[in-house]
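Trainee: Just so it is clear, I am handing over run35.pdb, which has PDB, C-alpha atoms.
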ATOM      1  CA  MET A   1       3.480  23.994 -23.578  1.00  0.00           C
ATOM      2  CA  GLY A   2       2.195  20.756 -22.080  1.00  0.00           C
ATOM      3  CA  LEU A   3       0.405  20.218 -18.807  1.00  0.00           C
ATOM      4  CA  LEU A   4       3.512  18.831 -17.120  1.00  0.00           C
ATOM      5  CA  GLU A   5       5.504  21.909 -18.112  1.00  0.00           C
ATOM      6  CA  LEU A   6       2.783  24.194 -16.761  1.00  0.00           C
ATOM      7  CA  LEU A   7       3.047  22.343 -13.462  1.00  0.00           C
ATOM      8  CA  GLY A   8       6.819  22.691 -13.543  1.00  0.00           C
ATOM      9  CA  LEU A   9       7.237  18.908 -13.743  1.00  0.00           C
ATOM     10  CA  GLY A  10       8.237  18.254 -17.327  1.00  0.00           C
ATOM     11  CA  GLY A  11      10.364  19.659 -20.081  1.00  0.00           C
ATOM     12  CA  LYS A  12      13.403  20.125 -17.869  1.00  0.00           C
ATOM     13  CA  SER A  13      16.133  21.197 -20.226  1.00  0.00           C
ATOM     14  CA  GLU A  14      18.702  21.246 -17.452  1.00  0.00           C
ATOM     15  CA  SER A  15      19.357  18.871 -14.596  1.00  0.00           C
ATOM     16  CA  VAL A  16      19.473  19.698 -10.910  1.00  0.00           C
ATOM     17  CA  ALA A  17      23.266  19.294 -11.050  1.00  0.00           C
ATOM     18  CA  GLU A  18      23.492  21.849 -13.853  1.00  0.00           C
ATOM     19  CA  PHE A  19      21.375  24.324 -11.888  1.00  0.00           C
ATOM     20  CA  ILE A  20      23.551  23.788  -8.786  1.00  0.00           C
ATOM     21  CA  ALA A  21      26.699  24.284 -10.881  1.00  0.00           C
ATOM     22  CA  LYS A  22      25.296  27.675 -11.926  1.00  0.00           C
ATOM     23  CA  GLY A  23      24.955  28.668  -8.268  1.00  0.00           C
ATOM     24  CA  ALA A  24      21.248  27.962  -7.855  1.00  0.00           C
ATOM     25  CA  VAL A  25      19.478  28.846  -4.637  1.00  0.00           C
ATOM     26  CA  ILE A  26      17.201  26.162  -3.184  1.00  0.00           C
ATOM     27  CA  ILE A  27      13.911  27.569  -1.917  1.00  0.00           C
ATOM     28  CA  ASP A  28      11.717  25.279   0.160  1.00  0.00           C
ATOM     29  CA  VAL A  29       8.111  26.499  -0.077  1.00  0.00           C
ATOM     30  CA  ARG A  30       6.730  24.417   2.793  1.00  0.00           C
ATOM     31  CA  THR A  31       5.487  26.069   5.971  1.00  0.00           C
ATOM     32  CA  ALA A  32       8.009  27.055   8.648  1.00  0.00           C
ATOM     33  CA  GLY A  33       6.787  24.169  10.813  1.00  0.00           C
ATOM     34  CA  GLU A  34       7.330  21.615   8.061  1.00  0.00           C
ATOM     35  CA  TYR A  35      10.736  23.100   7.261  1.00  0.00           C
ATOM     36  CA  SER A  36      11.832  22.890  10.905  1.00  0.00           C
ATOM     37  CA  ASN A  37      11.161  19.130  10.871  1.00  0.00           C
ATOM     38  CA  GLY A  38      13.668  18.489   8.072  1.00  0.00           C
ATOM     39  CA  ARG A  39      15.310  20.378   5.246  1.00  0.00           C
ATOM     40  CA  ILE A  40      18.066  20.453   2.674  1.00  0.00           C
ATOM     41  CA  LYS A  41      21.198  21.943   4.193  1.00  0.00           C
ATOM     42  CA  GLY A  42      21.709  25.479   2.886  1.00  0.00           C
ATOM     43  CA  SER A  43      18.160  25.851   1.571  1.00  0.00           C
ATOM     44  CA  LYS A  44      16.032  28.885   2.334  1.00  0.00           C
ATOM     45  CA  ASN A  45      12.452  28.664   3.544  1.00  0.00           C
ATOM     46  CA  ILE A  46       9.875  30.902   1.907  1.00  0.00           C
ATOM     47  CA  ALA A  47       6.383  29.472   2.368  1.00  0.00           C
ATOM     48  CA  LEU A  48       4.340  29.374  -0.821  1.00  0.00           C
ATOM     49  CA  ASP A  49       1.857  31.924   0.510  1.00  0.00           C
ATOM     50  CA  GLN A  50       4.737  34.370   1.117  1.00  0.00           C
ATOM     51  CA  LEU A  51       6.590  33.772  -2.146  1.00  0.00           C
ATOM     52  CA  GLY A  52       4.840  36.503  -4.121  1.00  0.00           C
ATOM     53  CA  SER A  53       6.139  39.146  -1.727  1.00  0.00           C
ATOM     54  CA  GLN A  54       9.706  37.842  -2.110  1.00  0.00           C
ATOM     55  CA  VAL A  55       9.927  37.876  -5.914  1.00  0.00           C
ATOM     56  CA  GLU A  56      11.929  41.099  -6.108  1.00  0.00           C
ATOM     57  CA  ALA A  57      14.397  39.869  -3.472  1.00  0.00           C
ATOM     58  CA  LEU A  58      14.885  36.655  -5.454  1.00  0.00           C
ATOM     59  CA  LYS A  59      15.410  38.617  -8.670  1.00  0.00           C
ATOM     60  CA  LYS A  60      18.146  40.652  -6.971  1.00  0.00           C
ATOM     61  CA  LEU A  61      20.083  37.465  -6.241  1.00  0.00           C
ATOM     62  CA  SER A  62      20.598  37.042 -10.009  1.00  0.00           C
ATOM     63  CA  LYS A  63      20.808  33.281  -9.543  1.00  0.00           C
ATOM     64  CA  PRO A  64      18.689  30.406 -10.770  1.00  0.00           C
ATOM     65  CA  VAL A  65      16.246  28.961  -8.260  1.00  0.00           C
ATOM     66  CA  ILE A  66      15.277  25.380  -7.464  1.00  0.00           C
ATOM     67  CA  VAL A  67      11.988  25.156  -5.571  1.00  0.00           C
ATOM     68  CA  CYS A  68      10.955  22.176  -3.483  1.00  0.00           C
ATOM     69  CA  CYS A  69       8.241  21.209  -1.001  1.00  0.00           C
ATOM     70  CA  GLN A  70       6.893  17.981   0.474  1.00  0.00           C
ATOM     71  CA  SER A  71       5.581  16.260  -2.650  1.00  0.00           C
ATOM     72  CA  GLY A  72       6.146  18.596  -5.596  1.00  0.00           C
ATOM     73  CA  MET A  73       2.693  20.177  -5.846  1.00  0.00           C
ATOM     74  CA  ARG A  74       3.416  23.438  -4.019  1.00  0.00           C
ATOM     75  CA  SER A  75       6.801  23.701  -5.683  1.00  0.00           C
ATOM     76  CA  ALA A  76       5.063  23.368  -9.066  1.00  0.00           C
ATOM     77  CA  GLN A  77       2.908  26.359  -8.164  1.00  0.00           C
ATOM     78  CA  ALA A  78       5.991  28.230  -6.969  1.00  0.00           C
ATOM     79  CA  ALA A  79       7.882  27.468 -10.180  1.00  0.00           C
ATOM     80  CA  SER A  80       4.981  28.726 -12.249  1.00  0.00           C
ATOM     81  CA  LEU A  81       4.832  31.956 -10.252  1.00  0.00           C
ATOM     82  CA  LEU A  82       8.567  32.591 -10.533  1.00  0.00           C
ATOM     83  CA  LYS A  83       8.610  31.824 -14.267  1.00  0.00           C
ATOM     84  CA  LYS A  84       5.957  34.513 -14.758  1.00  0.00           C
ATOM     85  CA  HIS A  85       8.423  36.948 -13.200  1.00  0.00           C
ATOM     86  CA  ASP A  86      11.256  35.861 -15.532  1.00  0.00           C
ATOM     87  CA  ILE A  87      13.210  34.035 -12.849  1.00  0.00           C
ATOM     88  CA  GLU A  88      15.148  31.007 -14.063  1.00  0.00           C
ATOM     89  CA  VAL A  89      13.534  28.285 -11.992  1.00  0.00           C
ATOM     90  CA  MET A  90      13.253  24.525 -11.760  1.00  0.00           C
ATOM     91  CA  ASN A  91      10.742  22.504  -9.797  1.00  0.00           C
ATOM     92  CA  GLY A  92      12.868  20.165  -7.712  1.00  0.00           C
ATOM     93  CA  GLY A  93       9.783  18.322  -6.421  1.00  0.00           C
ATOM     94  CA  GLY A  94       9.807  16.835  -2.945  1.00  0.00           C
ATOM     95  CA  TRP A  95      12.688  17.979  -0.756  1.00  0.00           C
ATOM     96  CA  GLN A  96      13.749  14.470   0.242  1.00  0.00           C
ATOM     97  CA  GLY A  97      14.049  13.334  -3.368  1.00  0.00           C
ATOM     98  CA  LEU A  98      15.857  16.536  -4.309  1.00  0.00           C
ATOM     99  CA  ALA A  99      18.311  16.052  -1.450  1.00  0.00           C
ATOM    100  CA  LYS A 100      19.394  12.752  -3.034  1.00  0.00           C
ATOM    101  CA  LYS A 101      20.237  14.536  -6.293  1.00  0.00           C
ATOM    102  CA  ILE A 102      22.549  17.148  -4.813  1.00  0.00           C
TER
END
Write the structure described by the file as C-alpha coordinates, please.
Mentor:
Amino acid sequence: MGLLELLGLGGKSESVAEFIAKGAVIIDVRTAGEYSNGRIKGSKNIALDQLGSQVEALKKLSKPVIVCCQSGMRSAQAASLLKKHDIEVMNGGGWQGLAKKI
(Lines of atoms letter the chains of each structure in order from A and count residues from 1; the text may use other names and numbers.)
(Lines give C-alpha, C1' and ligand atoms only; values in the text may rest on other atoms or scores of the structure.)
Protein backbone atom coordinates (compact mmCIF):
# COMPACT_ATOMS: atom_id res chain seq x y z
CA MET A 1 0.00 0.00 0.00
CA GLY A 2 1.40 3.38 -1.00
CA LEU A 3 1.49 6.58 0.99
CA LEU A 4 -1.40 8.09 -0.96
CA GLU A 5 -3.56 5.06 -0.24
CA LEU A 6 -2.73 5.25 3.46
CA LEU A 7 -3.90 8.85 3.41
CA GLY A 8 -7.06 7.82 1.59
CA LEU A 9 -6.07 9.89 -1.46
CA GLY A 10 -4.97 7.33 -4.02
CA GLY A 11 -5.86 3.94 -5.34
CA LYS A 12 -9.55 4.74 -5.69
CA SER A 13 -11.01 1.73 -7.41
CA GLU A 14 -14.44 3.31 -7.56
CA SER A 15 -15.56 6.82 -8.40
CA VAL A 16 -17.67 9.12 -6.27
CA ALA A 17 -20.57 8.49 -8.67
CA GLU A 18 -20.26 4.74 -8.16
CA PHE A 19 -20.28 5.17 -4.38
CA ILE A 20 -23.35 7.44 -4.60
CA ALA A 21 -25.09 4.89 -6.85
CA LYS A 22 -24.56 2.31 -4.09
CA GLY A 23 -26.34 4.58 -1.61
CA ALA A 24 -23.28 6.07 0.06
CA VAL A 25 -23.64 8.36 3.04
CA ILE A 26 -21.59 11.57 2.96
CA ILE A 27 -19.97 12.34 6.30
CA ASP A 28 -18.41 15.77 6.73
CA VAL A 29 -15.75 15.58 9.45
CA ARG A 30 -15.30 19.32 9.94
CA THR A 31 -16.33 21.00 13.17
CA ALA A 32 -19.99 21.95 13.68
CA GLY A 33 -19.07 25.62 13.19
CA GLU A 34 -17.37 24.95 9.86
CA TYR A 35 -20.26 22.75 8.75
CA SER A 36 -22.82 25.45 9.58
CA ASN A 37 -21.02 27.85 7.21
CA GLY A 38 -21.53 25.59 4.18
CA ARG A 39 -22.15 21.94 3.44
CA ILE A 40 -23.21 19.36 0.90
CA LYS A 41 -26.98 18.99 0.94
CA GLY A 42 -27.93 15.73 2.65
CA SER A 43 -24.53 15.21 4.27
CA LYS A 44 -24.15 14.38 7.94
CA ASN A 45 -21.72 16.16 10.24
CA ILE A 46 -19.57 14.06 12.54
CA ALA A 47 -16.47 15.99 13.59
CA LEU A 48 -13.26 14.01 13.25
CA ASP A 49 -12.69 13.98 17.00
CA GLN A 50 -16.14 12.38 17.48
CA LEU A 51 -15.91 9.86 14.64
CA GLY A 52 -14.44 7.04 16.70
CA SER A 53 -17.50 7.00 18.94
CA GLN A 54 -19.80 6.79 15.91
CA VAL A 55 -18.19 3.80 14.17
CA GLU A 56 -20.79 1.29 15.34
CA ALA A 57 -23.66 3.56 14.25
CA LEU A 58 -22.06 3.90 10.81
CA LYS A 59 -21.61 0.13 10.56
CA LYS A 60 -25.32 -0.35 11.28
CA LEU A 61 -26.20 1.76 8.25
CA SER A 62 -24.70 -0.98 6.04
CA LYS A 63 -23.86 1.63 3.41
CA PRO A 64 -20.60 2.86 1.95
CA VAL A 65 -19.32 6.16 3.31
CA ILE A 66 -17.74 9.15 1.59
CA VAL A 67 -15.87 11.40 4.02
CA CYS A 68 -15.04 15.02 3.32
CA CYS A 69 -13.68 18.06 5.16
CA GLN A 70 -12.22 21.43 4.20
CA SER A 71 -9.11 20.34 2.31
CA GLY A 72 -8.94 16.55 2.42
CA MET A 73 -6.51 16.09 5.32
CA ARG A 74 -9.04 15.36 8.08
CA SER A 75 -11.10 13.24 5.72
CA ALA A 76 -7.97 11.20 4.96
CA GLN A 77 -7.62 10.50 8.67
CA ALA A 78 -11.32 9.66 8.87
CA ALA A 79 -11.09 7.28 5.92
CA SER A 80 -8.15 5.51 7.50
CA LEU A 81 -10.03 5.10 10.77
CA LEU A 82 -13.16 3.75 9.09
CA LYS A 83 -11.17 1.34 6.91
CA LYS A 84 -9.65 -0.14 10.07
CA HIS A 85 -13.20 -0.92 11.17
CA ASP A 86 -14.06 -2.62 7.85
CA ILE A 87 -16.33 0.16 6.63
CA GLU A 88 -16.34 0.68 2.87
CA VAL A 89 -15.12 4.25 2.67
CA MET A 90 -13.76 6.78 0.21
CA ASN A 91 -11.98 10.02 0.95
CA GLY A 92 -13.94 12.62 -0.99
CA GLY A 93 -11.43 15.35 -0.10
CA GLY A 94 -12.61 18.92 0.32
CA TRP A 95 -16.38 19.32 0.53
CA GLN A 96 -16.57 22.01 -2.14
CA GLY A 97 -14.73 19.87 -4.68
CA LEU A 98 -16.81 16.84 -3.75
CA ALA A 99 -20.01 18.83 -4.20
CA LYS A 100 -19.06 19.41 -7.85
CA LYS A 101 -18.79 15.65 -8.42
CA ILE A 102 -22.24 14.73 -7.14
Trainee: Apply the PyMOL selection byres ((chain A and resi 76) around 9) to the structure shown and report the selected residues as an MDAnalysis selection string.
Mentor: chainID A and resid 6:9 67:69 72:75 77:81 90:93
Trainee: In Å, with one decimal, what is the gap from CA of Gly97 in chain A to CA of Glu56 in chain A?
Mentor: 28.0 Å
Trainee: Pull out every residue that the PyMOL selection byres ((chain A and resi 88) around 8) matches in the shown coordinates and put them as a list in words.
Mentor: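 Here the PyMOL selection byres ((chain A and resi 88) around 8) matches Lys63, Pro64, Val65, Leu82, Lys83, Asp86, Ile87, Val89 and Met90 of chain A.
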Trainee: Tell me which residues the PyMOL selection byres ((chain A and resi 18-20) around 9) grabs here, as a list in words.
Mentor: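 With the PyMOL selection byres ((chain A and resi 18-20) around 9) on this model, the match is Glu14, Ser15, Val16, Ala17, Ala21, Lys22, Gly23, Ala24, Val25, Ile26, Pro64, Val65, Ile66, Val89, Met90 and Ile102 of chain A.
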Trainee: Calculated over all atoms listed in the file, which of the candidates A:Lys101, A:Gly52, A:Gln96, A:Ser62 has the smallest distance to Tyr35 in chain A?
Mentor: A:Gln96
Trainee: Which residues come within 7 Å of Ala47 in chain A, counting all atoms listed in the file, excluding same-chain residues fewer than 5 positions away, as number ranges by chain?
Mentor: A: 29-32
Trainee: Mind giving me the straight-line distance from CA of Ala99 in chain A to CA of Lys44 in chain A in Å, one decimal?
Mentor: 13.6 Å
Trainee: Find, counting only C-alpha atoms, the residue in A:His85, A:Ile27, A:Ser43, A:Gln70 that gets nearest to Val55 in chain A.
Mentor: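 Closest to Val55 in chain A, using only C-alpha atoms: A:His85.
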Trainee: So how far away is CA of Lys100 in chain A from CA of Leu58 in chain A, in Å?
Mentor: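 Result for CA of Leu58 in chain A versus CA of Lys100 in chain A: 24.4 Å, one decimal.
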Trainee: Considering all atoms listed in the file, can you say which of A:Gln50, A:Lys59, A:Gly33, A:Ile40 comes closest to Lys84 in chain A?
Mentor: A:Lys59
Trainee: Calculate, to one decimal in Å, the centre and edge lengths of the box along x, y and z of the file that holds all listed atoms of range 54-57 of chain A with 8 Å of margin on each side, and present them as lines of an AutoDock Vina configuration file.
Mentor:
center_x = 12.1
center_y = 39.5
center_z = -4.1
size_x = 20.7
size_y = 19.3
size_z = 20.0
Trainee: Supply range 48-73 of chain A as a CSV table (one decimal), in the coordinates of the input, with N, CA and C atoms built in where the input has gaps.
Mentor:
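Saved to out_17.csv:
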chain,number,residue,atom,x,y,z
A,48,LEU,N,5.0,29.1,0.4
A,48,LEU,CA,4.3,29.4,-0.8
A,48,LEU,C,3.5,30.6,-0.7
A,49,ASP,N,2.7,30.8,0.4
A,49,ASP,CA,1.9,31.9,0.5
A,49,ASP,C,2.6,33.2,0.7
A,50,GLN,N,3.9,33.2,1.0
A,50,GLN,CA,4.7,34.4,1.1
A,50,GLN,C,5.6,34.6,-0.1
A,51,LEU,N,5.7,33.7,-1.0
A,51,LEU,CA,6.6,33.8,-2.1
A,51,LEU,C,6.4,35.0,-3.0
A,52,GLY,N,5.1,35.4,-3.3
A,52,GLY,CA,4.8,36.5,-4.1
A,52,GLY,C,5.5,37.8,-3.6
A,53,SER,N,5.6,37.9,-2.3
A,53,SER,CA,6.1,39.1,-1.7
A,53,SER,C,7.7,39.1,-1.7
A,54,GLN,N,8.3,38.0,-2.1
A,54,GLN,CA,9.7,37.8,-2.1
A,54,GLN,C,10.3,37.8,-3.5
A,55,VAL,N,9.5,38.0,-4.5
A,55,VAL,CA,9.9,37.9,-5.9
A,55,VAL,C,11.1,38.9,-6.2
A,56,GLU,N,10.9,40.1,-5.8
A,56,GLU,CA,11.9,41.1,-6.1
A,56,GLU,C,13.2,40.8,-5.4
A,57,ALA,N,13.2,40.3,-4.2
A,57,ALA,CA,14.4,39.9,-3.5
A,57,ALA,C,15.1,38.7,-4.2
A,58,LEU,N,14.3,37.8,-4.7
A,58,LEU,CA,14.9,36.7,-5.5
A,58,LEU,C,15.5,37.1,-6.8
A,59,LYS,N,14.9,38.1,-7.4
A,59,LYS,CA,15.4,38.6,-8.7
A,59,LYS,C,16.8,39.3,-8.4
A,60,LYS,N,16.9,40.0,-7.3
A,60,LYS,CA,18.1,40.7,-7.0
A,60,LYS,C,19.3,39.7,-6.8
A,61,LEU,N,19.0,38.5,-6.4
A,61,LEU,CA,20.1,37.5,-6.2
A,61,LEU,C,20.8,37.2,-7.6
A,62,SER,N,20.1,37.3,-8.7
A,62,SER,CA,20.6,37.0,-10.0
A,62,SER,C,21.2,35.6,-10.1
A,63,LYS,N,20.4,34.7,-9.5
A,63,LYS,CA,20.8,33.3,-9.5
A,63,LYS,C,19.6,32.5,-9.9
A,64,PRO,N,19.8,31.3,-10.5
A,64,PRO,CA,18.7,30.4,-10.8
A,64,PRO,C,18.2,29.9,-9.4
A,65,VAL,N,16.9,29.4,-9.5
A,65,VAL,CA,16.2,29.0,-8.3
A,65,VAL,C,15.7,27.5,-8.5
A,66,ILE,N,15.9,26.7,-7.5
A,66,ILE,CA,15.3,25.4,-7.5
A,66,ILE,C,14.3,25.4,-6.3
A,67,VAL,N,13.0,25.2,-6.6
A,67,VAL,CA,12.0,25.2,-5.6
A,67,VAL,C,11.6,23.7,-5.2
A,68,CYS,N,11.4,23.5,-3.9
A,68,CYS,CA,11.0,22.2,-3.5
A,68,CYS,C,9.9,22.3,-2.4
A,69,CYS,N,9.3,21.2,-2.1
A,69,CYS,CA,8.2,21.2,-1.0
A,69,CYS,C,8.2,19.8,-0.5
A,70,GLN,N,7.0,19.3,0.0
A,70,GLN,CA,6.9,18.0,0.5
A,70,GLN,C,6.8,17.0,-0.7
A,71,SER,N,5.9,17.2,-1.6
A,71,SER,CA,5.6,16.3,-2.6
A,71,SER,C,5.8,16.7,-4.1
A,72,GLY,N,5.9,18.0,-4.3
A,72,GLY,CA,6.1,18.6,-5.6
A,72,GLY,C,5.0,19.4,-6.1
A,73,MET,N,3.9,19.4,-5.4
A,73,MET,CA,2.7,20.2,-5.8
A,73,MET,C,2.8,21.7,-5.6
